[in-house]
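*Asks:* Next comes target.tsv, TSV, C-alpha atoms:
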```tsv
chain	number	residue	atom	x	y	z
A	12	MET	CA	-59.20	-68.91	-141.29
A	13	LYS	CA	-62.31	-70.09	-139.49
A	14	TRP	CA	-65.03	-72.02	-141.39
A	15	HIS	CA	-67.76	-69.49	-140.82
A	16	VAL	CA	-65.67	-67.00	-142.79
A	17	LEU	CA	-64.73	-69.41	-145.54
A	18	ARG	CA	-68.21	-70.81	-146.22
A	19	PRO	CA	-69.76	-67.63	-147.63
A	20	LEU	CA	-66.59	-67.15	-149.64
A	21	TRP	CA	-67.15	-70.54	-151.35
A	22	VAL	CA	-70.77	-69.56	-152.01
A	23	ALA	CA	-69.65	-66.30	-153.60
A	24	ILE	CA	-67.05	-68.05	-155.75
A	25	GLY	CA	-69.66	-70.65	-156.74
A	26	LEU	CA	-72.10	-67.94	-157.78
A	27	ILE	CA	-69.51	-66.19	-159.91
A	28	GLY	CA	-68.68	-69.52	-161.54
A	29	ALA	CA	-72.36	-70.21	-162.20
A	30	ILE	CA	-72.81	-66.80	-163.80
A	31	LEU	CA	-69.78	-67.35	-166.04
A	32	VAL	CA	-71.14	-70.74	-167.13
A	33	ALA	CA	-74.66	-69.38	-167.71
A	34	ARG	CA	-73.21	-66.50	-169.71
A	35	VAL	CA	-71.69	-68.94	-172.21
A	36	PHE	CA	-75.17	-70.29	-172.99
A	37	ILE	CA	-77.23	-67.07	-172.80
A	38	VAL	CA	-75.07	-64.53	-174.61
A	39	PRO	CA	-75.36	-64.91	-178.42
A	40	ASP	CA	-72.20	-65.90	-180.28
A	41	ASP	CA	-72.10	-62.66	-182.25
A	42	PHE	CA	-72.27	-60.44	-179.19
A	43	GLY	CA	-69.04	-58.52	-178.74
A	44	VAL	CA	-67.04	-55.50	-179.76
A	45	HIS	CA	-67.71	-54.92	-183.47
A	46	GLY	CA	-67.44	-51.17	-183.81
A	47	ARG	CA	-64.59	-48.82	-183.15
A	48	ASN	CA	-64.35	-49.59	-179.43
A	49	PHE	CA	-66.10	-51.07	-176.43
A	50	THR	CA	-67.91	-47.86	-175.52
A	51	TYR	CA	-69.72	-47.40	-178.84
A	52	GLY	CA	-69.44	-50.77	-180.55
A	53	PHE	CA	-70.41	-53.45	-178.00
A	54	TYR	CA	-73.45	-55.16	-179.50
A	55	ARG	CA	-75.13	-58.15	-181.13
A	56	LEU	CA	-73.91	-58.10	-184.72
A	57	SER	CA	-76.96	-59.78	-186.29
A	58	ASN	CA	-79.13	-56.88	-185.11
A	59	VAL	CA	-77.72	-54.73	-187.93
A	60	GLN	CA	-79.16	-57.17	-190.47
A	61	GLU	CA	-82.45	-57.27	-188.55
A	62	TRP	CA	-82.80	-53.52	-189.03
A	63	LYS	CA	-81.85	-53.77	-192.71
A	64	ASP	CA	-84.66	-56.29	-193.16
A	65	PHE	CA	-87.30	-53.94	-191.70
A	66	PRO	CA	-90.08	-53.64	-194.31
A	67	VAL	CA	-90.08	-50.61	-196.61
A	68	LYS	CA	-93.49	-48.89	-196.86
A	69	TYR	CA	-92.99	-45.84	-199.07
A	70	GLN	CA	-92.07	-47.02	-202.56
A	71	GLY	CA	-91.47	-43.74	-204.38
A	72	ARG	CA	-92.92	-42.54	-207.65
A	73	GLU	CA	-90.66	-44.91	-209.62
A	74	ALA	CA	-92.96	-47.70	-208.43
A	75	CYS	CA	-96.13	-45.74	-209.30
A	76	VAL	CA	-95.06	-44.94	-212.85
A	77	GLU	CA	-94.92	-48.63	-213.76
A	78	CYS	CA	-98.73	-48.76	-213.99
A	79	HIS	CA	-99.97	-45.17	-213.61
A	80	GLU	CA	-97.83	-43.63	-216.34
A	81	GLU	CA	-100.45	-41.10	-217.47
A	82	ASN	CA	-101.07	-39.68	-213.98
A	83	VAL	CA	-97.40	-39.54	-213.04
A	84	HIS	CA	-96.67	-37.73	-216.30
A	85	VAL	CA	-99.38	-35.08	-215.85
A	86	HIS	CA	-98.42	-34.62	-212.22
A	87	GLY	CA	-94.72	-34.43	-213.04
A	88	ALA	CA	-95.30	-31.55	-215.44
A	89	SER	CA	-97.46	-29.55	-213.02
A	90	THR	CA	-96.58	-27.13	-210.23
A	91	HIS	CA	-97.18	-30.00	-207.81
A	92	ALA	CA	-94.34	-32.03	-209.35
A	93	THR	CA	-92.28	-32.09	-206.16
A	94	VAL	CA	-95.13	-33.57	-204.11
A	95	GLU	CA	-94.67	-37.33	-203.80
A	96	CYS	CA	-97.60	-39.52	-204.88
A	97	GLU	CA	-97.64	-41.30	-201.53
A	98	ASN	CA	-98.07	-38.07	-199.56
A	99	CYS	CA	-101.75	-38.08	-200.62
A	100	HIS	CA	-102.31	-41.66	-201.77
A	101	GLY	CA	-100.69	-43.32	-198.75
A	102	PRO	CA	-97.73	-45.70	-198.58
A	103	GLY	CA	-97.68	-48.06	-201.54
A	104	VAL	CA	-96.46	-51.13	-199.68
A	105	ASP	CA	-98.05	-54.37	-200.96
A	106	HIS	CA	-99.96	-52.47	-203.65
A	107	PRO	CA	-101.49	-53.81	-205.85
A	108	ASP	CA	-100.96	-57.44	-204.76
A	109	GLY	CA	-101.97	-57.28	-201.10
A	110	VAL	CA	-103.61	-53.87	-200.78
A	111	GLU	CA	-105.93	-53.35	-203.75
A	112	SER	CA	-106.66	-49.64	-203.31
A	113	LEU	CA	-104.54	-47.24	-201.31
A	114	PRO	CA	-106.08	-45.04	-198.59
A	115	LEU	CA	-106.29	-41.83	-200.66
A	116	ASP	CA	-106.55	-38.73	-198.49
A	117	THR	CA	-108.85	-36.17	-200.13
A	118	THR	CA	-109.51	-34.07	-197.05
A	119	ARG	CA	-109.25	-30.32	-196.85
A	120	GLU	CA	-106.80	-30.74	-193.95
A	121	LEU	CA	-104.25	-32.39	-196.22
A	122	CYS	CA	-104.20	-29.42	-198.63
A	123	LEU	CA	-104.16	-26.95	-195.74
A	124	ARG	CA	-100.84	-28.37	-194.53
A	125	CYS	CA	-99.23	-26.19	-197.20
A	126	HIS	CA	-102.03	-23.96	-198.44
A	127	ALA	CA	-103.39	-22.49	-195.22
A	128	TYR	CA	-101.93	-19.02	-195.52
A	129	LEU	CA	-99.61	-18.10	-192.65
A	130	GLU	CA	-98.36	-14.56	-192.86
A	131	TYR	CA	-94.79	-15.28	-191.91
A	132	PRO	CA	-92.14	-12.93	-193.20
A	133	SER	CA	-88.76	-14.56	-193.92
A	134	SER	CA	-90.32	-18.01	-194.13
A	135	ALA	CA	-90.91	-19.99	-197.32
A	136	ARG	CA	-94.40	-20.65	-196.00
A	137	GLY	CA	-95.39	-17.03	-196.57
A	138	ASP	CA	-94.50	-17.40	-200.26
A	139	LEU	CA	-96.80	-20.37	-200.89
A	140	LEU	CA	-100.20	-19.82	-202.45
A	141	GLY	CA	-102.55	-19.95	-199.51
A	142	ILE	CA	-106.12	-19.45	-198.43
A	143	GLU	CA	-107.71	-18.33	-195.23
A	144	ASP	CA	-109.50	-21.45	-194.11
A	145	ARG	CA	-112.44	-19.56	-192.58
A	146	ARG	CA	-113.15	-17.49	-195.67
A	147	HIS	CA	-112.62	-19.90	-198.57
A	148	ARG	CA	-115.53	-22.29	-199.31
A	149	ARG	CA	-115.40	-23.81	-195.87
A	150	ARG	CA	-117.49	-26.92	-196.30
A	151	ASN	CA	-116.02	-28.16	-199.55
A	152	GLU	CA	-113.20	-30.50	-200.28
A	153	CYS	CA	-110.54	-28.68	-202.28
A	154	ILE	CA	-110.54	-31.33	-205.00
A	155	LYS	CA	-114.11	-30.35	-205.97
A	156	CYS	CA	-112.63	-27.34	-207.79
A	157	HIS	CA	-108.87	-27.96	-207.94
A	158	ASN	CA	-107.13	-30.86	-209.64
A	159	PRO	CA	-104.32	-31.93	-207.30
A	160	HIS	CA	-102.43	-33.58	-210.19
A	161	ASP	CA	-102.48	-30.33	-212.13
A	162	PRO	CA	-103.53	-27.40	-209.91
A	163	LYS	CA	-103.43	-24.86	-212.77
A	164	GLU	CA	-106.17	-26.71	-214.65
A	165	ASP	CA	-109.60	-25.04	-214.34
A	166	MET	CA	-112.13	-27.67	-213.36
A	167	ARG	CA	-115.15	-25.41	-213.04
B	19	MET	CA	-43.82	-67.85	-139.64
B	20	THR	CA	-41.93	-70.57	-141.46
B	21	CYS	CA	-42.54	-71.76	-144.95
B	22	SER	CA	-40.99	-74.83	-146.53
B	23	ARG	CA	-39.83	-74.74	-150.12
B	24	ARG	CA	-42.55	-77.33	-150.98
B	25	ASP	CA	-45.34	-75.21	-149.46
B	26	PHE	CA	-44.06	-72.08	-151.13
B	27	LEU	CA	-44.06	-73.71	-154.57
B	28	LYS	CA	-47.51	-75.22	-154.01
B	29	ASP	CA	-49.00	-71.86	-153.01
B	30	ALA	CA	-47.25	-70.07	-155.85
B	31	VAL	CA	-48.65	-72.46	-158.50
B	32	GLY	CA	-52.11	-72.42	-156.94
B	33	GLY	CA	-52.18	-68.66	-156.69
B	34	THR	CA	-51.12	-68.20	-160.29
B	35	LEU	CA	-53.80	-70.62	-161.51
B	36	ALA	CA	-56.49	-68.93	-159.42
B	37	SER	CA	-55.67	-65.51	-160.84
B	38	VAL	CA	-55.42	-66.71	-164.45
B	39	MET	CA	-58.52	-68.93	-164.57
B	40	PRO	CA	-61.12	-66.10	-164.59
B	41	LEU	CA	-59.35	-64.56	-167.57
B	42	SER	CA	-60.28	-67.61	-169.63
B	43	ALA	CA	-63.84	-66.27	-169.61
B	44	PHE	CA	-62.66	-63.57	-172.04
B	45	THR	CA	-61.68	-64.16	-175.63
B	46	PHE	CA	-58.47	-62.91	-177.09
B	47	ILE	CA	-58.47	-61.84	-180.72
B	48	SER	CA	-55.48	-61.55	-182.99
B	49	SER	CA	-54.50	-58.16	-184.37
B	50	ALA	CA	-55.73	-59.23	-187.84
B	51	GLU	CA	-59.16	-60.04	-186.41
B	52	ALA	CA	-59.26	-56.75	-184.56
B	53	LYS	CA	-58.39	-54.87	-187.74
B	54	ALA	CA	-61.15	-56.62	-189.68
B	55	ALA	CA	-63.66	-55.82	-186.95
B	56	ILE	CA	-63.04	-52.10	-187.14
B	57	ALA	CA	-62.62	-52.05	-190.92
B	58	GLU	CA	-63.12	-48.58	-192.32
B	59	SER	CA	-66.55	-48.25	-193.84
B	60	LYS	CA	-66.93	-46.33	-197.10
B	61	VAL	CA	-70.06	-44.68	-195.73
B	62	ARG	CA	-70.69	-42.12	-193.00
B	63	TRP	CA	-74.32	-41.08	-193.04
B	64	ALA	CA	-75.17	-37.48	-192.23
B	65	PHE	CA	-78.16	-35.23	-192.74
B	66	LEU	CA	-78.70	-31.72	-194.03
B	67	VAL	CA	-81.72	-29.67	-192.97
B	68	ASP	CA	-82.40	-26.41	-194.79
B	69	THR	CA	-84.61	-24.44	-192.43
B	70	ASN	CA	-85.07	-21.76	-195.08
B	71	LYS	CA	-87.02	-24.24	-197.20
B	72	CYS	CA	-89.24	-25.85	-194.56
B	73	VAL	CA	-92.86	-24.68	-194.70
B	74	GLY	CA	-94.16	-26.75	-191.79
B	75	CYS	CA	-96.44	-29.10	-193.74
B	76	GLY	CA	-95.53	-31.99	-191.43
B	77	LEU	CA	-95.65	-34.58	-194.22
B	78	CYS	CA	-92.22	-35.81	-193.10
B	79	VAL	CA	-93.56	-36.62	-189.64
B	80	LYS	CA	-96.56	-38.42	-191.14
B	81	ALA	CA	-94.33	-40.43	-193.48
B	82	CYS	CA	-91.89	-41.29	-190.70
B	83	LYS	CA	-94.63	-42.60	-188.46
B	84	ASN	CA	-96.11	-44.74	-191.23
B	85	GLU	CA	-92.76	-46.01	-192.46
B	86	ASN	CA	-91.35	-46.91	-189.06
B	87	GLU	CA	-94.54	-48.28	-187.50
B	88	ILE	CA	-94.74	-45.69	-184.73
B	89	PRO	CA	-98.33	-45.64	-183.36
B	90	TYR	CA	-99.89	-42.75	-185.27
B	91	ASP	CA	-101.86	-41.17	-182.45
B	92	ALA	CA	-99.32	-41.74	-179.67
B	93	GLU	CA	-97.48	-38.64	-178.45
B	94	VAL	CA	-94.13	-40.02	-179.58
B	95	THR	CA	-92.35	-39.52	-182.86
B	96	ARG	CA	-88.93	-40.16	-184.36
B	97	THR	CA	-88.84	-36.82	-186.14
B	98	TRP	CA	-90.75	-33.64	-185.51
B	99	VAL	CA	-91.08	-30.08	-186.76
B	100	GLU	CA	-90.91	-27.11	-184.41
B	101	ARG	CA	-92.39	-23.70	-185.13
B	102	TYR	CA	-90.60	-20.59	-183.92
B	103	VAL	CA	-92.29	-17.20	-184.00
B	104	ILE	CA	-90.26	-14.26	-182.74
B	105	THR	CA	-92.37	-11.21	-182.04
B	106	LYS	CA	-91.37	-7.56	-181.96
B	107	ASP	CA	-91.49	-7.50	-178.15
B	108	GLY	CA	-88.53	-9.92	-178.12
B	109	LYS	CA	-90.56	-12.96	-177.10
B	110	THR	CA	-90.02	-16.35	-178.73
B	111	HIS	CA	-93.10	-18.49	-179.23
B	112	ILE	CA	-92.40	-22.17	-179.85
B	113	ASP	CA	-94.82	-25.02	-180.46
B	114	SER	CA	-94.91	-28.47	-181.96
B	115	PRO	CA	-98.37	-30.01	-181.49
B	116	MET	CA	-98.13	-33.80	-182.03
B	117	GLY	CA	-94.64	-33.14	-183.38
B	118	GLY	CA	-96.14	-31.16	-186.24
B	119	ARG	CA	-97.71	-34.35	-187.60
B	120	ASP	CA	-100.76	-32.57	-189.02
B	121	GLY	CA	-98.88	-29.53	-190.25
B	122	TYR	CA	-99.30	-25.96	-189.15
B	123	THR	CA	-102.57	-24.52	-190.42
B	124	SER	CA	-103.27	-21.55	-188.16
B	125	MET	CA	-101.46	-18.58	-186.72
B	126	GLU	CA	-102.46	-19.65	-183.21
B	127	ILE	CA	-99.68	-20.83	-180.87
B	128	ASP	CA	-100.63	-22.48	-177.56
B	129	GLY	CA	-104.09	-20.92	-177.73
B	130	GLN	CA	-102.68	-17.48	-178.36
B	131	GLU	CA	-103.44	-15.65	-181.61
B	132	ILE	CA	-100.38	-13.78	-182.84
B	133	ASP	CA	-100.84	-10.61	-184.86
B	134	PRO	CA	-98.87	-10.91	-188.14
B	135	ASP	CA	-97.87	-7.23	-187.91
B	136	ASN	CA	-96.19	-8.02	-184.60
B	137	ILE	CA	-93.92	-10.76	-186.00
B	138	ASP	CA	-90.23	-10.14	-186.59
B	139	LYS	CA	-89.49	-13.56	-187.99
B	140	ALA	CA	-91.09	-16.97	-188.10
B	141	PHE	CA	-89.72	-20.28	-189.28
B	142	PHE	CA	-89.92	-24.05	-188.96
B	143	VAL	CA	-87.15	-26.35	-187.75
B	144	PRO	CA	-87.32	-30.09	-188.44
B	145	LYS	CA	-85.53	-32.23	-185.88
B	146	LEU	CA	-84.40	-35.85	-185.83
B	147	CYS	CA	-81.68	-38.03	-184.37
B	148	ASN	CA	-78.25	-36.45	-184.84
B	149	GLN	CA	-76.42	-39.81	-185.15
B	150	CYS	CA	-73.62	-38.30	-183.06
B	151	ASP	CA	-70.02	-39.38	-183.36
B	152	ASN	CA	-69.85	-39.46	-179.56
B	153	PRO	CA	-73.38	-40.60	-178.73
B	154	ALA	CA	-74.12	-40.04	-175.03
B	155	CYS	CA	-77.07	-42.44	-175.32
B	156	VAL	CA	-74.78	-45.32	-176.28
B	157	GLN	CA	-72.31	-44.66	-173.48
B	158	VAL	CA	-74.95	-45.03	-170.78
B	159	CYS	CA	-76.59	-48.24	-172.03
B	160	PRO	CA	-75.93	-50.83	-169.32
B	161	VAL	CA	-76.57	-53.88	-171.51
B	162	GLY	CA	-75.07	-53.07	-174.91
B	163	ALA	CA	-78.47	-52.75	-176.57
B	164	THR	CA	-77.67	-49.55	-178.44
B	165	TYR	CA	-74.59	-49.02	-180.53
B	166	GLN	CA	-73.01	-47.19	-183.41
B	167	THR	CA	-72.71	-49.04	-186.71
B	168	ASN	CA	-69.63	-48.67	-188.91
B	169	ASP	CA	-71.51	-46.19	-191.11
B	170	GLY	CA	-72.23	-43.89	-188.19
B	171	VAL	CA	-75.89	-44.66	-187.50
B	172	VAL	CA	-76.88	-45.39	-183.90
B	173	LEU	CA	-79.23	-48.37	-183.69
B	174	ILE	CA	-81.21	-50.02	-180.90
B	175	ASP	CA	-81.39	-53.79	-180.48
B	176	ARG	CA	-85.05	-54.36	-179.68
B	177	ASN	CA	-84.39	-57.91	-178.47
B	178	TRP	CA	-81.67	-56.78	-176.10
B	179	CYS	CA	-83.06	-53.50	-174.70
B	180	ILE	CA	-84.39	-53.83	-171.15
B	181	GLY	CA	-86.27	-50.51	-171.30
B	182	CYS	CA	-84.43	-48.90	-168.39
B	183	GLY	CA	-84.64	-45.46	-170.04
B	184	TYR	CA	-81.09	-44.30	-169.28
B	185	CYS	CA	-80.52	-43.43	-172.94
B	186	ILE	CA	-83.75	-41.43	-173.11
B	187	MET	CA	-82.42	-39.31	-170.23
B	188	ALA	CA	-78.90	-39.08	-171.66
B	189	CYS	CA	-79.75	-37.73	-175.12
B	190	PRO	CA	-79.31	-33.94	-175.02
B	191	TYR	CA	-81.56	-33.56	-178.05
B	192	GLY	CA	-84.51	-35.49	-176.63
B	193	VAL	CA	-84.85	-37.66	-179.71
B	194	ARG	CA	-85.27	-40.92	-177.81
B	195	PHE	CA	-88.58	-42.12	-176.47
B	196	PHE	CA	-90.16	-45.25	-175.06
B	197	HIS	CA	-91.89	-47.25	-177.78
B	198	PRO	CA	-95.42	-47.87	-176.52
B	199	VAL	CA	-95.81	-51.18	-178.37
B	200	HIS	CA	-92.41	-52.83	-178.21
B	201	LYS	CA	-91.68	-51.44	-174.72
B	202	VAL	CA	-88.11	-50.53	-175.62
B	203	ALA	CA	-86.25	-47.30	-176.34
B	204	ASP	CA	-86.73	-46.04	-179.89
B	205	LYS	CA	-85.43	-43.25	-182.09
B	206	CYS	CA	-84.74	-42.17	-185.65
B	207	ASN	CA	-82.15	-44.27	-187.47
B	208	PHE	CA	-82.22	-42.37	-190.79
B	209	CYS	CA	-84.53	-45.20	-192.01
B	210	TYR	CA	-81.62	-47.63	-191.87
B	211	HIS	CA	-83.62	-50.24	-193.82
B	212	ARG	CA	-84.06	-47.78	-196.69
B	213	ILE	CA	-80.63	-46.13	-196.86
B	214	SER	CA	-78.87	-49.50	-196.79
B	215	LYS	CA	-80.88	-50.39	-199.93
B	216	GLY	CA	-79.91	-47.16	-201.69
B	217	MET	CA	-83.24	-45.42	-201.02
B	218	GLU	CA	-83.79	-42.08	-199.31
B	219	PRO	CA	-85.18	-41.95	-195.77
B	220	ALA	CA	-88.99	-41.66	-195.80
B	221	CYS	CA	-88.94	-38.07	-194.52
B	222	VAL	CA	-86.49	-37.03	-197.24
B	223	GLU	CA	-88.54	-38.68	-199.96
B	224	CYS	CA	-91.78	-37.10	-198.76
B	225	CYS	CA	-90.39	-33.58	-198.37
B	226	SER	CA	-91.65	-31.59	-201.34
B	227	PHE	CA	-89.38	-28.64	-200.70
B	228	GLY	CA	-85.92	-30.21	-200.41
B	229	ALA	CA	-85.61	-29.12	-196.79
B	230	ARG	CA	-84.31	-32.54	-195.74
B	231	ARG	CA	-81.45	-34.34	-197.46
B	232	LEU	CA	-79.25	-37.33	-196.73
B	233	ALA	CA	-75.47	-37.23	-197.23
B	234	ASN	CA	-72.61	-39.71	-197.27
B	235	LEU	CA	-69.76	-37.72	-195.76
B	236	LYS	CA	-67.15	-40.18	-197.02
B	237	ASP	CA	-68.13	-39.61	-200.65
B	238	PRO	CA	-66.59	-36.32	-201.76
B	239	ASP	CA	-68.73	-36.30	-204.93
B	240	ASP	CA	-71.99	-36.47	-203.01
B	241	PRO	CA	-73.79	-33.16	-203.77
B	242	VAL	CA	-75.13	-32.87	-200.22
B	243	THR	CA	-71.68	-33.58	-198.76
B	244	LYS	CA	-70.37	-30.75	-200.91
B	245	ILE	CA	-72.89	-28.37	-199.36
B	246	ILE	CA	-71.96	-29.50	-195.84
B	247	THR	CA	-68.24	-29.14	-196.47
B	248	THR	CA	-68.31	-25.87	-198.42
B	249	GLU	CA	-71.21	-23.88	-197.01
B	250	ARG	CA	-71.76	-22.42	-193.55
B	251	VAL	CA	-73.68	-25.04	-191.63
B	252	ALA	CA	-74.48	-25.27	-187.94
B	253	VAL	CA	-75.26	-28.11	-185.55
B	254	LEU	CA	-77.46	-28.23	-182.46
B	255	LYS	CA	-75.91	-28.07	-178.97
B	256	ASP	CA	-72.31	-28.16	-180.14
B	257	GLU	CA	-71.18	-27.46	-176.58
B	258	TYR	CA	-72.13	-30.97	-175.46
B	259	GLY	CA	-69.25	-32.44	-177.46
B	260	THR	CA	-71.43	-35.16	-178.97
B	261	LYS	CA	-70.36	-34.27	-182.53
B	262	PRO	CA	-73.86	-34.34	-184.05
B	263	HIS	CA	-74.18	-35.24	-187.73
B	264	VAL	CA	-77.37	-33.42	-188.62
B	265	PHE	CA	-76.30	-30.14	-190.17
B	266	TYR	CA	-78.53	-27.09	-190.47
B	267	LEU	CA	-78.56	-24.32	-193.03
B	268	GLY	CA	-80.04	-21.06	-191.80
B	269	LEU	CA	-80.19	-22.05	-188.14
B	270	ASP	CA	-81.40	-19.23	-185.89
B	271	ALA	CA	-79.88	-18.45	-182.48
B	272	ASN	CA	-83.33	-18.92	-180.91
B	273	VAL	CA	-83.37	-22.62	-181.81
B	274	ARG	CA	-82.47	-24.84	-178.90
```
Is it possible to express this structure as structure tokens?
*Replies:*
Amino acid sequence: MKWHVLRPLWVAIGLIGAILVARVFIVPDDFGVHGRNFTYGFYRLSNVQEWKDFPVKYQGREACVECHEENVHVHGASTHATVECENCHGPGVDHPDGVESLPLDTTRELCLRCHAYLEYPSSARGDLLGIEDRRHRRRNECIKCHNPHDPKEDMR
Amino acid sequence: MTCSRRDFLKDAVGGTLASVMPLSAFTFISSAEAKAAIAESKVRWAFLVDTNKCVGCGLCVKACKNENEIPYDAEVTRTWVERYVITKDGKTHIDSPMGGRDGYTSMEIDGQEIDPDNIDKAFFVPKLCNQCDNPACVQVCPVGATYQTNDGVVLIDRNWCIGCGYCIMACPYGVRFFHPVHKVADKCNFCYHRISKGMEPACVECCSFGARRLANLKDPDDPVTKIITTERVAVLKDEYGTKPHVFYLGLDANVR
């Protein structure tokens, strides 16, 4: 073959070689087929641990009860028992060491998520106790009259 | 053309070497190694959504965004709640403002007030990643940045993703989005950091009505697995063949 044909061929072969050499240094050691096959399991294995180490924010009421036994007990016996503490009080991550007080949400909008009455037949929403936002003490926060830890208690 | 025995042997050896050399770039693993790599996990995570129980409070969406550090006011979310209102004239009204993050507090849908007397049925449908057995999103990834773990959850390698968006296009359920901060693809992973520690996903923990539950399909004693295996459950877009692993109780034909 003539040289002008061969020269680009050497360049191409050289490039492929360079890529193969660079690959050895760039691709992490744990990159490969780890799952059931190449299609679904070709990845960097240490990434699984990276995701497991992602910080947990919501601690659950088991963490709250350690210090706030009284409140958790009252709340647990009320009709609001299934509502998690952190739904209103905010995620308990780093509390009390880093974050001294949690961002408690006392707004009307929070209560309305469940208690704005929507007249929906065949939906559990229609069965919840609800108010019509426009007609029920518009300017007040709900907690002025209702105790969220024990909604049946009369605070007036 | 003539060819001496010497030349023939020289070319034969050279040709063999040239064809074998590139193969050395690949690694060969023994059958024992291969077996260990695909070792059967004792866990296969799945999800059960009971649409009969959902009231559309949106606290799951709020919790998910806080837990997984998804910018709260960005129009992206890992899980969302859709509202379906089917009126007597046969029309289906669907909305999900901000993914239902702030709950549903009025009868208005897309600026249109709907008369309660005109409603046939209305319900809420929470949605999240289906952690498919045949994830289309993983197949299309050109760099191996998204994958299926041995316990069935599909994860995204944030250091490896190049943000090309193929997976966002490929997912038939539209659960993937572009993370505005990390500039990579992102989606629900059943709170992998929580479930691998024995906790519930944030949305499950924050659901006051038991509408969302996590299951380990490989544990026959798991109460949620029992519901999935013994009761009549449905999945979304079965016809795509992705084998989704989020199961729905009370799924309506209007849900897409």
*Asks:* Give one line per residue of chain B that approaches chain A to at most 8 Å, naming the two atoms of the closest pair and their distance in Å to one decimal, counting all atoms listed in the file; sort by chain then ascending residue number and deliver it as a Markdown table.
*Replies:*
```
| residue | atom | partner | partner_atom | distance |
| --- | --- | --- | --- | --- |
| B:Ala43 | CA | A:Leu31 | CA | 7.0 |
| B:Ala55 | CA | A:His45 | CA | 5.4 |
| B:Ile56 | CA | A:Arg47 | CA | 5.4 |
| B:Asn70 | CA | A:Ala135 | CA | 6.5 |
| B:Lys71 | CA | A:Ala135 | CA | 5.8 |
| B:Cys72 | CA | A:Ala135 | CA | 6.7 |
| B:Val73 | CA | A:Arg136 | CA | 4.5 |
| B:Gly74 | CA | A:Arg124 | CA | 7.4 |
| B:Cys75 | CA | A:Arg124 | CA | 4.5 |
| B:Gly76 | CA | A:Arg124 | CA | 7.1 |
| B:Leu77 | CA | A:Asn98 | CA | 6.8 |
| B:Ala81 | CA | A:Asn98 | CA | 7.5 |
| B:Asn84 | CA | A:Lys68 | CA | 7.5 |
| B:Glu85 | CA | A:Lys68 | CA | 5.3 |
| B:Asp120 | CA | A:Arg124 | CA | 6.9 |
| B:Gly121 | CA | A:Arg124 | CA | 4.8 |
| B:Tyr122 | CA | A:Arg124 | CA | 6.1 |
| B:Thr123 | CA | A:Ala127 | CA | 5.3 |
| B:Ser124 | CA | A:Leu129 | CA | 6.7 |
| B:Met125 | CA | A:Leu129 | CA | 6.2 |
| B:Pro134 | CA | A:Glu130 | CA | 6.0 |
| B:Ile137 | CA | A:Tyr131 | CA | 7.5 |
| B:Asp138 | CA | A:Pro132 | CA | 7.4 |
| B:Lys139 | CA | A:Pro132 | CA | 5.9 |
| B:Ala140 | CA | A:Tyr131 | CA | 5.6 |
| B:Phe141 | CA | A:Ser134 | CA | 5.4 |
| B:Phe142 | CA | A:Ser134 | CA | 8.0 |
| B:Asn152 | CA | A:Tyr51 | CA | 8.0 |
| B:Pro153 | CA | A:Tyr51 | CA | 7.7 |
| B:Val156 | CA | A:Tyr51 | CA | 6.0 |
| B:Gln157 | CA | A:Thr50 | CA | 5.8 |
| B:Gly162 | CA | A:Tyr54 | CA | 5.3 |
| B:Ala163 | CA | A:Tyr54 | CA | 6.3 |
| B:Thr164 | CA | A:Tyr54 | CA | 7.1 |
| B:Tyr165 | CA | A:Tyr51 | CA | 5.4 |
| B:Gln166 | CA | A:Tyr51 | CA | 5.6 |
| B:Thr167 | CA | A:Gly46 | CA | 6.4 |
| B:Asn168 | CA | A:Gly46 | CA | 6.1 |
| B:Leu173 | CA | A:Val59 | CA | 7.8 |
| B:Asp175 | CA | A:Asn58 | CA | 6.0 |
| B:Tyr210 | CA | A:Lys63 | CA | 6.2 |
| B:His211 | CA | A:Lys63 | CA | 4.1 |
| B:Arg212 | CA | A:Val67 | CA | 6.7 |
| B:Ser214 | CA | A:Lys63 | CA | 6.6 |
| B:Ala220 | CA | A:Tyr69 | CA | 6.6 |
| B:Glu223 | CA | A:Gly71 | CA | 7.3 |
| B:Cys224 | CA | A:Glu95 | CA | 5.8 |
| B:Cys225 | CA | A:Val94 | CA | 7.4 |
| B:Ser226 | CA | A:Val94 | CA | 4.9 |
| B:Phe227 | CA | A:Thr93 | CA | 7.1 |
```
*Asks:* Could you jot down the CA of Phe265 (chain B) to CA of Leu66 (chain B) separation for me, Å, one decimal place?
*Replies:*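 Result for CA of Phe265 (chain B) versus CA of Leu66 (chain B): 4.8 Å, one decimal.
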*Asks:* How far is it from CA of Ala252 (chain B) to CA of Cys150 (chain B), in Å with one decimal?
*Replies:*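 So the two atoms, CA of Ala252 (chain B) and CA of Cys150 (chain B), lie 13.9 Å apart.
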*Asks:* With all atoms listed in the file as the basis for distance, which of B:Cys221, B:Glu131, B:Trp63, B:Val158 is at the shortest distance from Arg119 (chain B)?
*Replies:*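 Using all atoms listed in the file, Arg119 (chain B) sits closest to B:Cys221.
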*Asks:* Using only C-alpha atoms, which residues sit within 12 Å of Tyr191 (chain B) once same-chain residues fewer than 5 positions away are excluded, as a list of chain:residue names?
*Replies:*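 Surrounding residues, per the criterion: B:Arg96, B:Thr97, B:Trp98, B:Lys145, B:Leu146, B:Cys147, B:Asn148, B:Gln149, B:Cys150, B:Pro153, B:Ala154, B:Cys155, B:Cys185, B:Ile186, B:Lys205, B:Cys206, B:Val253, B:Leu254, B:Lys255, B:Asp256, B:Tyr258, B:Thr260, B:Pro262, B:Val264, B:Val273, B:Arg274.
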